[in-house]
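K.L.:
My structure is below; once you've seen it, I'll send some questions.
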Amino acid sequence: MKHRVALVATAAAVLVIAGGTAAVSTASAAATGCSATYTVVSQWQGGFQGGVSFTNLGDPLTSWKLEFDFPGATQQVSQGWNATWTQSGAHVTATSLGWNGAVPTGGTVSSLGFTGSWSGSNPPPTSFSINGRACNGSPSTPPTTPPTTPPSTPPPGGAAPALHVSGNKLVTAAGKTYRLLGVNRSSGEFACVQGKGMWDGSPTGQAGIDAMKAWNIHAVRIPLNEDCWLGLSGSPSGAAYQSEVKAYADALAANGITPIIDLHWTHGQYTGNISACADVNATCQKPMPTMQYTPQFWTGVATMFKGNNAVVFDLFNEPYPDASNNWSDMTAAWKCLRDGGTCTGITYEVAGMQDLLDAVRATGATNVVMTAGLTWTNDLSQWLAYKPADRTGNLMASWHTYNFNACVTAACWDSQIGAVAAQVPVQAGEIGQDTCAHDYIDKVMAWADANGVGYTAWTWNPWGCTGGNVLIDDFNGTPTKTYGEGFKAHLLTVNP
């Protein structure tokens, strides 16, 4: 938590309003003030884009909180960027992020923007404050007498919270509802088997994590490879691979970001219906995991993270045993998903979600576990009827949604996903669209926010957005246009 800077109380606001712009002088830290400008960038019937900037005229700031009230009862911030935006009634708050909290004397914070809605009229705000103090338009000097009460210190912590399931909510140890909002961090699934080195040669240190924090990312899903973890093929593999995974997960958790360990690619030859890969090695997405190796994988992962309930387990990325039997028997497909064994169209012995959950719980681990539906995790229609039994109760449903899937409308989400979310927590482990726009994920996130569903977008990798689903241009966190920009802007408006 950022240190709260003490301010000097000030008097009335000094405003200069011309057209859609209100220039305001606001109070600052310790000794002086600041100036701020509010602008209506563009306006249309029922909507508008606003912007605020301010210049620090006093002592350096280490963090800031900008506040104002809309004059009209119908004016509402929809989403914003470059700050954490919240609104209660007419009162709007924009709080600094990790990367723009420090403002030197004479420094300017610009491009604090948002989109909003209105009806009737859209007048500009008439007063602003910084860190809780109203503006007076002129520098002020704090009293020289020491305060009788010592300044408060920031509370300890900052690590990702331990989580458990309570009813249909994911909650912290204190019972606070918590959603997993963030991104996927691809590359662990192909690291050793494609000869690209660990994490595809990309950084996993503090700078990379800080770039995620600047987006308000609170969860990172980490796809892994069964062969790499178990040392069956490639390099790095075995202990070296496991060590890298643990180090990255621990670093994320220490920075307040929930790691979601996802088993993405598994062993087992599959040559059936809709087969994209016949390789027996873990070089692609198979329809189901194998009893030969996958329970062993989860025993190892659960043993490593047992006792650290800030880490969440996602048992298997995208099952499709319904496709392997050509959708001829959906009941059999759901039974295959849960119970494994011999499944139509799959030649190896299948490990069901119950087998994998049992392997996790046999270690004593009580971590929250995500388990998927059918059709590459897009179909949760029978999830409640075929969910595995979990003696700890820490089970949640995994859902994936892209614009090219079958269930892509709010009506479908209400009937399928909403029915599950009414009984257990639901996590959209992957959201995305095969364009570089963000219109589809905007609809997904709006629905998820309204229904208490978490989401992690695909993917935090600088692979270029020509094919869609790529959030960043570089590991400094520069968002892609417009997919990354849209996701970042929305993420900055919501709390976990």
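Here's how to read the names in the structure tokens: chain A, B, ... by the order shown, residue numbers from 1 in each chain, ligand numbers from 1 in the order shown.
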Write out as a PDB file with N, CA and C atoms, in the first residue's frame the residues lying within 12 Å of Asn225 in chain A, counting only C-alpha atoms and excluding same-chain residues fewer than 3 positions away.
P.N.:
```
ATOM      1  N   SER A 186       1.948 -16.919 -21.415  1.00  0.00           N
ATOM      2  CA  SER A 186       2.297 -18.105 -22.187  1.00  0.00           C
ATOM      3  C   SER A 186       3.810 -18.276 -22.299  1.00  0.00           C
ATOM      4  N   SER A 187       4.232 -19.486 -22.559  1.00  0.00           N
ATOM      5  CA  SER A 187       5.595 -19.941 -22.900  1.00  0.00           C
ATOM      6  C   SER A 187       6.035 -21.123 -22.061  1.00  0.00           C
ATOM      7  N   GLY A 188       5.550 -21.232 -20.818  1.00  0.00           N
ATOM      8  CA  GLY A 188       5.915 -22.392 -20.009  1.00  0.00           C
ATOM      9  C   GLY A 188       5.409 -23.691 -20.581  1.00  0.00           C
ATOM     10  N   GLU A 189       4.363 -23.610 -21.432  1.00  0.00           N
ATOM     11  CA  GLU A 189       3.813 -24.830 -22.019  1.00  0.00           C
ATOM     12  C   GLU A 189       4.667 -25.384 -23.146  1.00  0.00           C
ATOM     13  N   PHE A 190       5.512 -24.533 -23.766  1.00  0.00           N
ATOM     14  CA  PHE A 190       6.327 -25.037 -24.878  1.00  0.00           C
ATOM     15  C   PHE A 190       7.826 -24.877 -24.635  1.00  0.00           C
ATOM     16  N   ALA A 191       8.193 -24.422 -23.431  1.00  0.00           N
ATOM     17  CA  ALA A 191       9.584 -24.065 -23.146  1.00  0.00           C
ATOM     18  C   ALA A 191      10.589 -25.141 -23.551  1.00  0.00           C
ATOM     19  N   CYS A 192      10.463 -26.316 -22.997  1.00  0.00           N
ATOM     20  CA  CYS A 192      11.511 -27.319 -23.218  1.00  0.00           C
ATOM     21  C   CYS A 192      11.307 -28.078 -24.518  1.00  0.00           C
ATOM     22  N   VAL A 193      10.056 -28.249 -24.960  1.00  0.00           N
ATOM     23  CA  VAL A 193       9.811 -29.139 -26.098  1.00  0.00           C
ATOM     24  C   VAL A 193      10.043 -28.462 -27.440  1.00  0.00           C
ATOM     25  N   GLN A 194      10.135 -27.131 -27.462  1.00  0.00           N
ATOM     26  CA  GLN A 194      10.414 -26.429 -28.706  1.00  0.00           C
ATOM     27  C   GLN A 194      11.807 -25.819 -28.735  1.00  0.00           C
ATOM     28  N   MET A 198      13.702 -21.458 -21.198  1.00  0.00           N
ATOM     29  CA  MET A 198      12.654 -21.181 -20.223  1.00  0.00           C
ATOM     30  C   MET A 198      12.049 -19.819 -20.472  1.00  0.00           C
ATOM     31  N   TRP A 199      10.709 -19.748 -20.447  1.00  0.00           N
ATOM     32  CA  TRP A 199       9.949 -18.514 -20.621  1.00  0.00           C
ATOM     33  C   TRP A 199      10.222 -17.842 -21.960  1.00  0.00           C
ATOM     34  N   ILE A 222      -0.295 -19.382 -15.504  1.00  0.00           N
ATOM     35  CA  ILE A 222       0.989 -19.849 -16.014  1.00  0.00           C
ATOM     36  C   ILE A 222       0.813 -21.222 -16.646  1.00  0.00           C
ATOM     37  N   CYS A 228       7.998 -31.377 -19.620  1.00  0.00           N
ATOM     38  CA  CYS A 228       9.052 -30.535 -19.067  1.00  0.00           C
ATOM     39  C   CYS A 228       9.136 -30.708 -17.555  1.00  0.00           C
ATOM     40  N   TRP A 229       7.974 -30.691 -16.893  1.00  0.00           N
ATOM     41  CA  TRP A 229       7.948 -30.825 -15.432  1.00  0.00           C
ATOM     42  C   TRP A 229       8.515 -32.167 -14.983  1.00  0.00           C
ATOM     43  N   LEU A 230       8.122 -33.221 -15.669  1.00  0.00           N
ATOM     44  CA  LEU A 230       8.529 -34.575 -15.257  1.00  0.00           C
ATOM     45  C   LEU A 230       9.888 -34.995 -15.818  1.00  0.00           C
ATOM     46  N   GLY A 231      10.505 -34.147 -16.653  1.00  0.00           N
ATOM     47  CA  GLY A 231      11.814 -34.482 -17.198  1.00  0.00           C
ATOM     48  C   GLY A 231      11.769 -35.546 -18.272  1.00  0.00           C
ATOM     49  N   LEU A 232      10.653 -35.641 -18.989  1.00  0.00           N
ATOM     50  CA  LEU A 232      10.507 -36.686 -20.001  1.00  0.00           C
ATOM     51  C   LEU A 232      11.187 -36.324 -21.310  1.00  0.00           C
ATOM     52  N   SER A 233      11.326 -35.042 -21.602  1.00  0.00           N
ATOM     53  CA  SER A 233      11.966 -34.625 -22.850  1.00  0.00           C
ATOM     54  C   SER A 233      12.332 -33.158 -22.766  1.00  0.00           C
ATOM     55  N   GLY A 234      13.248 -32.752 -23.655  1.00  0.00           N
ATOM     56  CA  GLY A 234      13.575 -31.344 -23.813  1.00  0.00           C
ATOM     57  C   GLY A 234      14.447 -30.774 -22.713  1.00  0.00           C
ATOM     58  N   SER A 235      14.700 -29.476 -22.832  1.00  0.00           N
ATOM     59  CA  SER A 235      15.519 -28.761 -21.869  1.00  0.00           C
ATOM     60  C   SER A 235      15.118 -27.287 -21.869  1.00  0.00           C
ATOM     61  N   PRO A 236      14.979 -26.670 -20.675  1.00  0.00           N
ATOM     62  CA  PRO A 236      15.171 -27.286 -19.355  1.00  0.00           C
ATOM     63  C   PRO A 236      13.989 -28.172 -18.987  1.00  0.00           C
ATOM     64  N   SER A 237      14.272 -29.212 -18.239  1.00  0.00           N
ATOM     65  CA  SER A 237      13.208 -30.098 -17.806  1.00  0.00           C
ATOM     66  C   SER A 237      13.564 -30.657 -16.436  1.00  0.00           C
ATOM     67  N   GLY A 238      12.593 -31.366 -15.855  1.00  0.00           N
ATOM     68  CA  GLY A 238      12.826 -31.940 -14.542  1.00  0.00           C
ATOM     69  C   GLY A 238      13.023 -30.868 -13.479  1.00  0.00           C
ATOM     70  N   TYR A 241      13.388 -27.142 -14.588  1.00  0.00           N
ATOM     71  CA  TYR A 241      12.110 -26.551 -14.993  1.00  0.00           C
ATOM     72  C   TYR A 241      11.247 -26.249 -13.765  1.00  0.00           C
ATOM     73  N   GLN A 242      11.156 -27.203 -12.857  1.00  0.00           N
ATOM     74  CA  GLN A 242      10.355 -27.014 -11.651  1.00  0.00           C
ATOM     75  C   GLN A 242      10.850 -25.834 -10.831  1.00  0.00           C
ATOM     76  N   VAL A 245       9.661 -22.577 -12.371  1.00  0.00           N
ATOM     77  CA  VAL A 245       8.239 -22.358 -12.134  1.00  0.00           C
ATOM     78  C   VAL A 245       8.000 -21.862 -10.714  1.00  0.00           C
ATOM     79  N   ILE A 261      -1.522 -22.008 -11.597  1.00  0.00           N
ATOM     80  CA  ILE A 261      -0.719 -23.034 -12.256  1.00  0.00           C
ATOM     81  C   ILE A 261      -1.643 -23.873 -13.139  1.00  0.00           C
ATOM     82  N   ASP A 262      -1.417 -23.799 -14.442  1.00  0.00           N
ATOM     83  CA  ASP A 262      -2.287 -24.461 -15.426  1.00  0.00           C
ATOM     84  C   ASP A 262      -1.524 -25.556 -16.153  1.00  0.00           C
ATOM     85  N   LEU A 263      -2.088 -26.769 -16.200  1.00  0.00           N
ATOM     86  CA  LEU A 263      -1.514 -27.832 -17.025  1.00  0.00           C
ATOM     87  C   LEU A 263      -2.060 -27.686 -18.430  1.00  0.00           C
ATOM     88  N   HIS A 264      -1.187 -27.331 -19.376  1.00  0.00           N
ATOM     89  CA  HIS A 264      -1.601 -26.961 -20.717  1.00  0.00           C
ATOM     90  C   HIS A 264      -1.398 -28.090 -21.720  1.00  0.00           C
ATOM     91  N   TRP A 265      -0.165 -28.578 -21.829  1.00  0.00           N
ATOM     92  CA  TRP A 265       0.168 -29.634 -22.799  1.00  0.00           C
ATOM     93  C   TRP A 265       0.594 -30.895 -22.060  1.00  0.00           C
ATOM     94  N   THR A 266       0.109 -32.051 -22.556  1.00  0.00           N
ATOM     95  CA  THR A 266       0.333 -33.322 -21.868  1.00  0.00           C
ATOM     96  C   THR A 266       0.816 -34.401 -22.830  1.00  0.00           C
ATOM     97  N   HIS A 267       1.287 -35.499 -22.241  1.00  0.00           N
ATOM     98  CA  HIS A 267       1.758 -36.676 -22.965  1.00  0.00           C
ATOM     99  C   HIS A 267       0.556 -37.462 -23.502  1.00  0.00           C
ATOM    100  N   ASN A 281       4.542 -36.999 -27.493  1.00  0.00           N
ATOM    101  CA  ASN A 281       5.106 -36.073 -26.516  1.00  0.00           C
ATOM    102  C   ASN A 281       4.173 -34.876 -26.301  1.00  0.00           C
ATOM    103  N   ALA A 282       4.448 -34.120 -25.266  1.00  0.00           N
ATOM    104  CA  ALA A 282       3.585 -32.998 -24.882  1.00  0.00           C
ATOM    105  C   ALA A 282       3.922 -31.767 -25.716  1.00  0.00           C
ATOM    106  N   THR A 283       3.576 -31.843 -26.993  1.00  0.00           N
ATOM    107  CA  THR A 283       3.866 -30.733 -27.900  1.00  0.00           C
ATOM    108  C   THR A 283       2.600 -30.062 -28.425  1.00  0.00           C
ATOM    109  N   CYS A 284       1.447 -30.388 -27.843  1.00  0.00           N
ATOM    110  CA  CYS A 284       0.189 -29.794 -28.283  1.00  0.00           C
ATOM    111  C   CYS A 284      -0.889 -30.093 -27.257  1.00  0.00           C
ATOM    112  N   GLN A 285      -2.065 -29.558 -27.518  1.00  0.00           N
ATOM    113  CA  GLN A 285      -3.211 -29.757 -26.632  1.00  0.00           C
ATOM    114  C   GLN A 285      -3.920 -31.063 -26.977  1.00  0.00           C
ATOM    115  N   LYS A 286      -3.891 -32.036 -26.076  1.00  0.00           N
ATOM    116  CA  LYS A 286      -4.587 -33.311 -26.251  1.00  0.00           C
ATOM    117  C   LYS A 286      -6.024 -33.184 -25.721  1.00  0.00           C
ATOM    118  N   PRO A 289      -6.015 -35.594 -20.417  1.00  0.00           N
ATOM    119  CA  PRO A 289      -4.721 -36.032 -19.891  1.00  0.00           C
ATOM    120  C   PRO A 289      -4.662 -37.548 -19.755  1.00  0.00           C
ATOM    121  N   TYR A 293       0.923 -40.292 -16.742  1.00  0.00           N
ATOM    122  CA  TYR A 293       1.811 -39.261 -16.204  1.00  0.00           C
ATOM    123  C   TYR A 293       1.107 -38.111 -15.456  1.00  0.00           C
ATOM    124  N   THR A 294      -0.123 -37.786 -15.814  1.00  0.00           N
ATOM    125  CA  THR A 294      -0.692 -36.533 -15.305  1.00  0.00           C
ATOM    126  C   THR A 294      -0.949 -36.531 -13.800  1.00  0.00           C
ATOM    127  N   PHE A 297       2.225 -35.559 -12.328  1.00  0.00           N
ATOM    128  CA  PHE A 297       2.469 -34.112 -12.467  1.00  0.00           C
ATOM    129  C   PHE A 297       1.818 -33.348 -11.329  1.00  0.00           C
ATOM    130  N   TRP A 298       0.530 -33.611 -11.075  1.00  0.00           N
ATOM    131  CA  TRP A 298      -0.185 -32.845 -10.066  1.00  0.00           C
ATOM    132  C   TRP A 298       0.250 -33.191  -8.652  1.00  0.00           C
ATOM    133  N   VAL A 301       3.279 -30.863  -8.326  1.00  0.00           N
ATOM    134  CA  VAL A 301       2.907 -29.453  -8.193  1.00  0.00           C
ATOM    135  C   VAL A 301       2.277 -29.191  -6.828  1.00  0.00           C
ATOM    136  N   PHE A 316      -6.589 -28.822 -16.002  1.00  0.00           N
ATOM    137  CA  PHE A 316      -6.322 -29.180 -17.396  1.00  0.00           C
ATOM    138  C   PHE A 316      -6.900 -28.109 -18.298  1.00  0.00           C
ATOM    139  N   ASN A 317      -6.125 -27.646 -19.214  1.00  0.00           N
ATOM    140  CA  ASN A 317      -6.422 -26.463 -19.998  1.00  0.00           C
ATOM    141  C   ASN A 317      -7.763 -26.515 -20.732  1.00  0.00           C
TER     142      ASN A 317
END
```
K.L.:
So which residues touch Gly345 in chain A within 9 Å, counting only C-alpha atoms, skipping near sequence neighbours fewer than 3 positions away, as a list in words?
P.N.:
Tyr270, Thr271, Gly272, Asn273, Pro321, Ala323, Ser324, Asn325 and Asn326 of chain A
K.L.:
Next, dump the selected residues to file, keeping only N, CA, C and O atoms, as a short mmCIF file (atom, residue, chain, number, x, y, z; two decimals), in the first residue's frame.
P.N.:
```
data_model
loop_
_atom_site.label_atom_id
_atom_site.label_comp_id
_atom_site.auth_asym_id
_atom_site.auth_seq_id
_atom_site.Cartn_x
_atom_site.Cartn_y
_atom_site.Cartn_z
N TYR A 270 -2.61 -38.92 -29.73
CA TYR A 270 -4.00 -38.80 -30.12
C TYR A 270 -4.07 -38.55 -31.62
O TYR A 270 -3.50 -37.58 -32.14
N THR A 271 -4.78 -39.43 -32.33
CA THR A 271 -4.91 -39.29 -33.78
C THR A 271 -6.37 -39.29 -34.21
O THR A 271 -6.69 -39.54 -35.36
N GLY A 272 -7.26 -39.00 -33.27
CA GLY A 272 -8.69 -39.08 -33.54
C GLY A 272 -9.26 -37.84 -34.19
O GLY A 272 -8.56 -37.03 -34.81
N ASN A 273 -10.57 -37.66 -34.01
CA ASN A 273 -11.30 -36.57 -34.64
C ASN A 273 -10.74 -35.21 -34.21
O ASN A 273 -10.42 -34.99 -33.05
N PRO A 321 -13.13 -34.19 -25.00
CA PRO A 321 -13.52 -35.58 -25.26
C PRO A 321 -14.83 -35.66 -26.03
O PRO A 321 -15.13 -36.71 -26.62
N ALA A 323 -15.43 -33.79 -28.68
CA ALA A 323 -14.98 -33.76 -30.08
C ALA A 323 -14.35 -35.09 -30.48
O ALA A 323 -14.50 -35.54 -31.62
N SER A 324 -13.67 -35.74 -29.56
CA SER A 324 -13.02 -37.02 -29.89
C SER A 324 -14.04 -38.10 -30.20
O SER A 324 -13.75 -39.04 -30.95
N ASN A 325 -15.26 -38.00 -29.65
CA ASN A 325 -16.31 -38.97 -30.03
C ASN A 325 -17.29 -38.36 -31.04
O ASN A 325 -18.38 -38.88 -31.24
N ASN A 326 -16.86 -37.23 -31.66
CA ASN A 326 -17.62 -36.56 -32.71
C ASN A 326 -19.00 -36.13 -32.22
O ASN A 326 -19.97 -36.12 -32.97
#
```
K.L.:
I want to know what sits within 9 Å of Thr366 in chain A, based on only C-alpha atoms, with residues of the same chain fewer than 2 positions away left out; could you give that as a tab-separated table (two decimals) with N, CA, C and O atoms, in the first residue's frame?
P.N.:
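Generated output (result-v5.tsv):
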```
chain	number	residue	atom	x	y	z
A	164	HIS	N	-9.82	-19.23	-0.40
A	164	HIS	CA	-10.64	-20.44	-0.29
A	164	HIS	C	-12.02	-20.14	-0.84
A	164	HIS	O	-12.36	-18.98	-1.11
A	302	ALA	N	1.35	-30.06	-6.42
A	302	ALA	CA	0.67	-29.87	-5.15
A	302	ALA	C	1.63	-29.98	-3.98
A	302	ALA	O	1.52	-29.22	-3.01
A	306	LYS	N	1.97	-26.89	-1.55
A	306	LYS	CA	1.14	-27.23	-0.40
A	306	LYS	C	1.43	-26.27	0.75
A	306	LYS	O	2.58	-25.97	1.06
A	307	GLY	N	0.37	-25.74	1.36
A	307	GLY	CA	0.55	-24.80	2.46
A	307	GLY	C	0.58	-23.35	2.02
A	307	GLY	O	0.56	-22.44	2.86
A	308	ASN	N	0.64	-23.12	0.71
A	308	ASN	CA	0.61	-21.76	0.17
A	308	ASN	C	-0.67	-21.59	-0.62
A	308	ASN	O	-0.71	-21.79	-1.84
A	309	ASN	N	-1.74	-21.22	0.05
A	309	ASN	CA	-3.04	-21.14	-0.59
A	309	ASN	C	-3.25	-19.84	-1.36
A	309	ASN	O	-4.37	-19.53	-1.79
A	360	VAL	N	-4.08	-34.25	-6.12
A	360	VAL	CA	-3.76	-33.02	-5.40
A	360	VAL	C	-4.08	-33.16	-3.93
A	360	VAL	O	-3.24	-32.88	-3.06
A	361	ARG	N	-5.28	-33.61	-3.61
A	361	ARG	CA	-5.70	-33.68	-2.21
A	361	ARG	C	-4.94	-34.76	-1.42
A	361	ARG	O	-4.79	-34.63	-0.19
A	363	THR	N	-1.89	-35.18	-1.31
A	363	THR	CA	-0.68	-34.57	-0.75
A	363	THR	C	-0.97	-33.76	0.50
A	363	THR	O	-0.04	-33.33	1.19
A	364	GLY	N	-2.24	-33.51	0.78
A	364	GLY	CA	-2.61	-32.64	1.89
A	364	GLY	C	-2.83	-31.20	1.47
A	364	GLY	O	-3.18	-30.35	2.30
A	368	VAL	N	-7.14	-23.84	-3.76
A	368	VAL	CA	-8.30	-23.77	-4.65
A	368	VAL	C	-7.94	-24.42	-5.98
A	368	VAL	O	-6.86	-24.18	-6.53
A	369	VAL	N	-8.84	-25.24	-6.50
A	369	VAL	CA	-8.62	-25.97	-7.75
A	369	VAL	C	-9.70	-25.58	-8.75
A	369	VAL	O	-10.89	-25.54	-8.43
A	392	THR	N	-12.54	-30.81	0.41
A	392	THR	CA	-12.19	-29.52	1.02
A	392	THR	C	-13.20	-28.43	0.66
A	392	THR	O	-13.24	-27.39	1.31
A	393	GLY	N	-13.96	-28.63	-0.40
A	393	GLY	CA	-14.89	-27.60	-0.86
A	393	GLY	C	-14.24	-26.49	-1.65
A	393	GLY	O	-14.92	-25.54	-2.08
A	394	ASN	N	-12.95	-26.57	-1.88
A	394	ASN	CA	-12.23	-25.51	-2.58
A	394	ASN	C	-12.14	-25.78	-4.09
A	394	ASN	O	-11.06	-25.89	-4.68
```
K.L.:
Could you state the separation of CA of Gly113 in chain A and CA of Thr401 in chain A in Å, given to one decimal place?
P.N.:
28.6 Å
K.L.:
Please indicate the distance in Å from CA of Gly197 in chain A to CA of Cys465 in chain A, rounded to one decimal place.
P.N.:
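Those two atoms sit 22.7 Å apart.
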K.L.:
Do you have the CA of Cys336 in chain A-CA of Ile274 in chain A distance handy?
P.N.:
17.3 Å
K.L.:
List the neighbours of Ala214 in chain A out to 7 Å using only C-alpha atoms; skip same-chain residues closer than 5 positions along the sequence, and give me the result as a JSON list (two decimals) with N, CA, C and O atoms, in the first residue's frame.
P.N.:
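And here is the file that came out, selection23.json:
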```json
[["chain", "number", "residue", "atom", "x", "y", "z"],
["A", 97, "LEU", "N", -1.08, 4.88, -9.95],
["A", 97, "LEU", "CA", -0.59, 3.53, -10.14],
["A", 97, "LEU", "C", 0.87, 3.47, -9.71],
["A", 97, "LEU", "O", 1.49, 4.50, -9.40],
["A", 98, "GLY", "N", 1.44, 2.28, -9.72],
["A", 98, "GLY", "CA", 2.83, 2.15, -9.30],
["A", 98, "GLY", "C", 3.80, 2.97, -10.11],
["A", 98, "GLY", "O", 4.79, 3.51, -9.59],
["A", 99, "TRP", "N", 3.52, 3.12, -11.39],
["A", 99, "TRP", "CA", 4.47, 3.78, -12.27],
["A", 99, "TRP", "C", 4.30, 5.29, -12.35],
["A", 99, "TRP", "O", 5.18, 5.99, -12.84]]
```
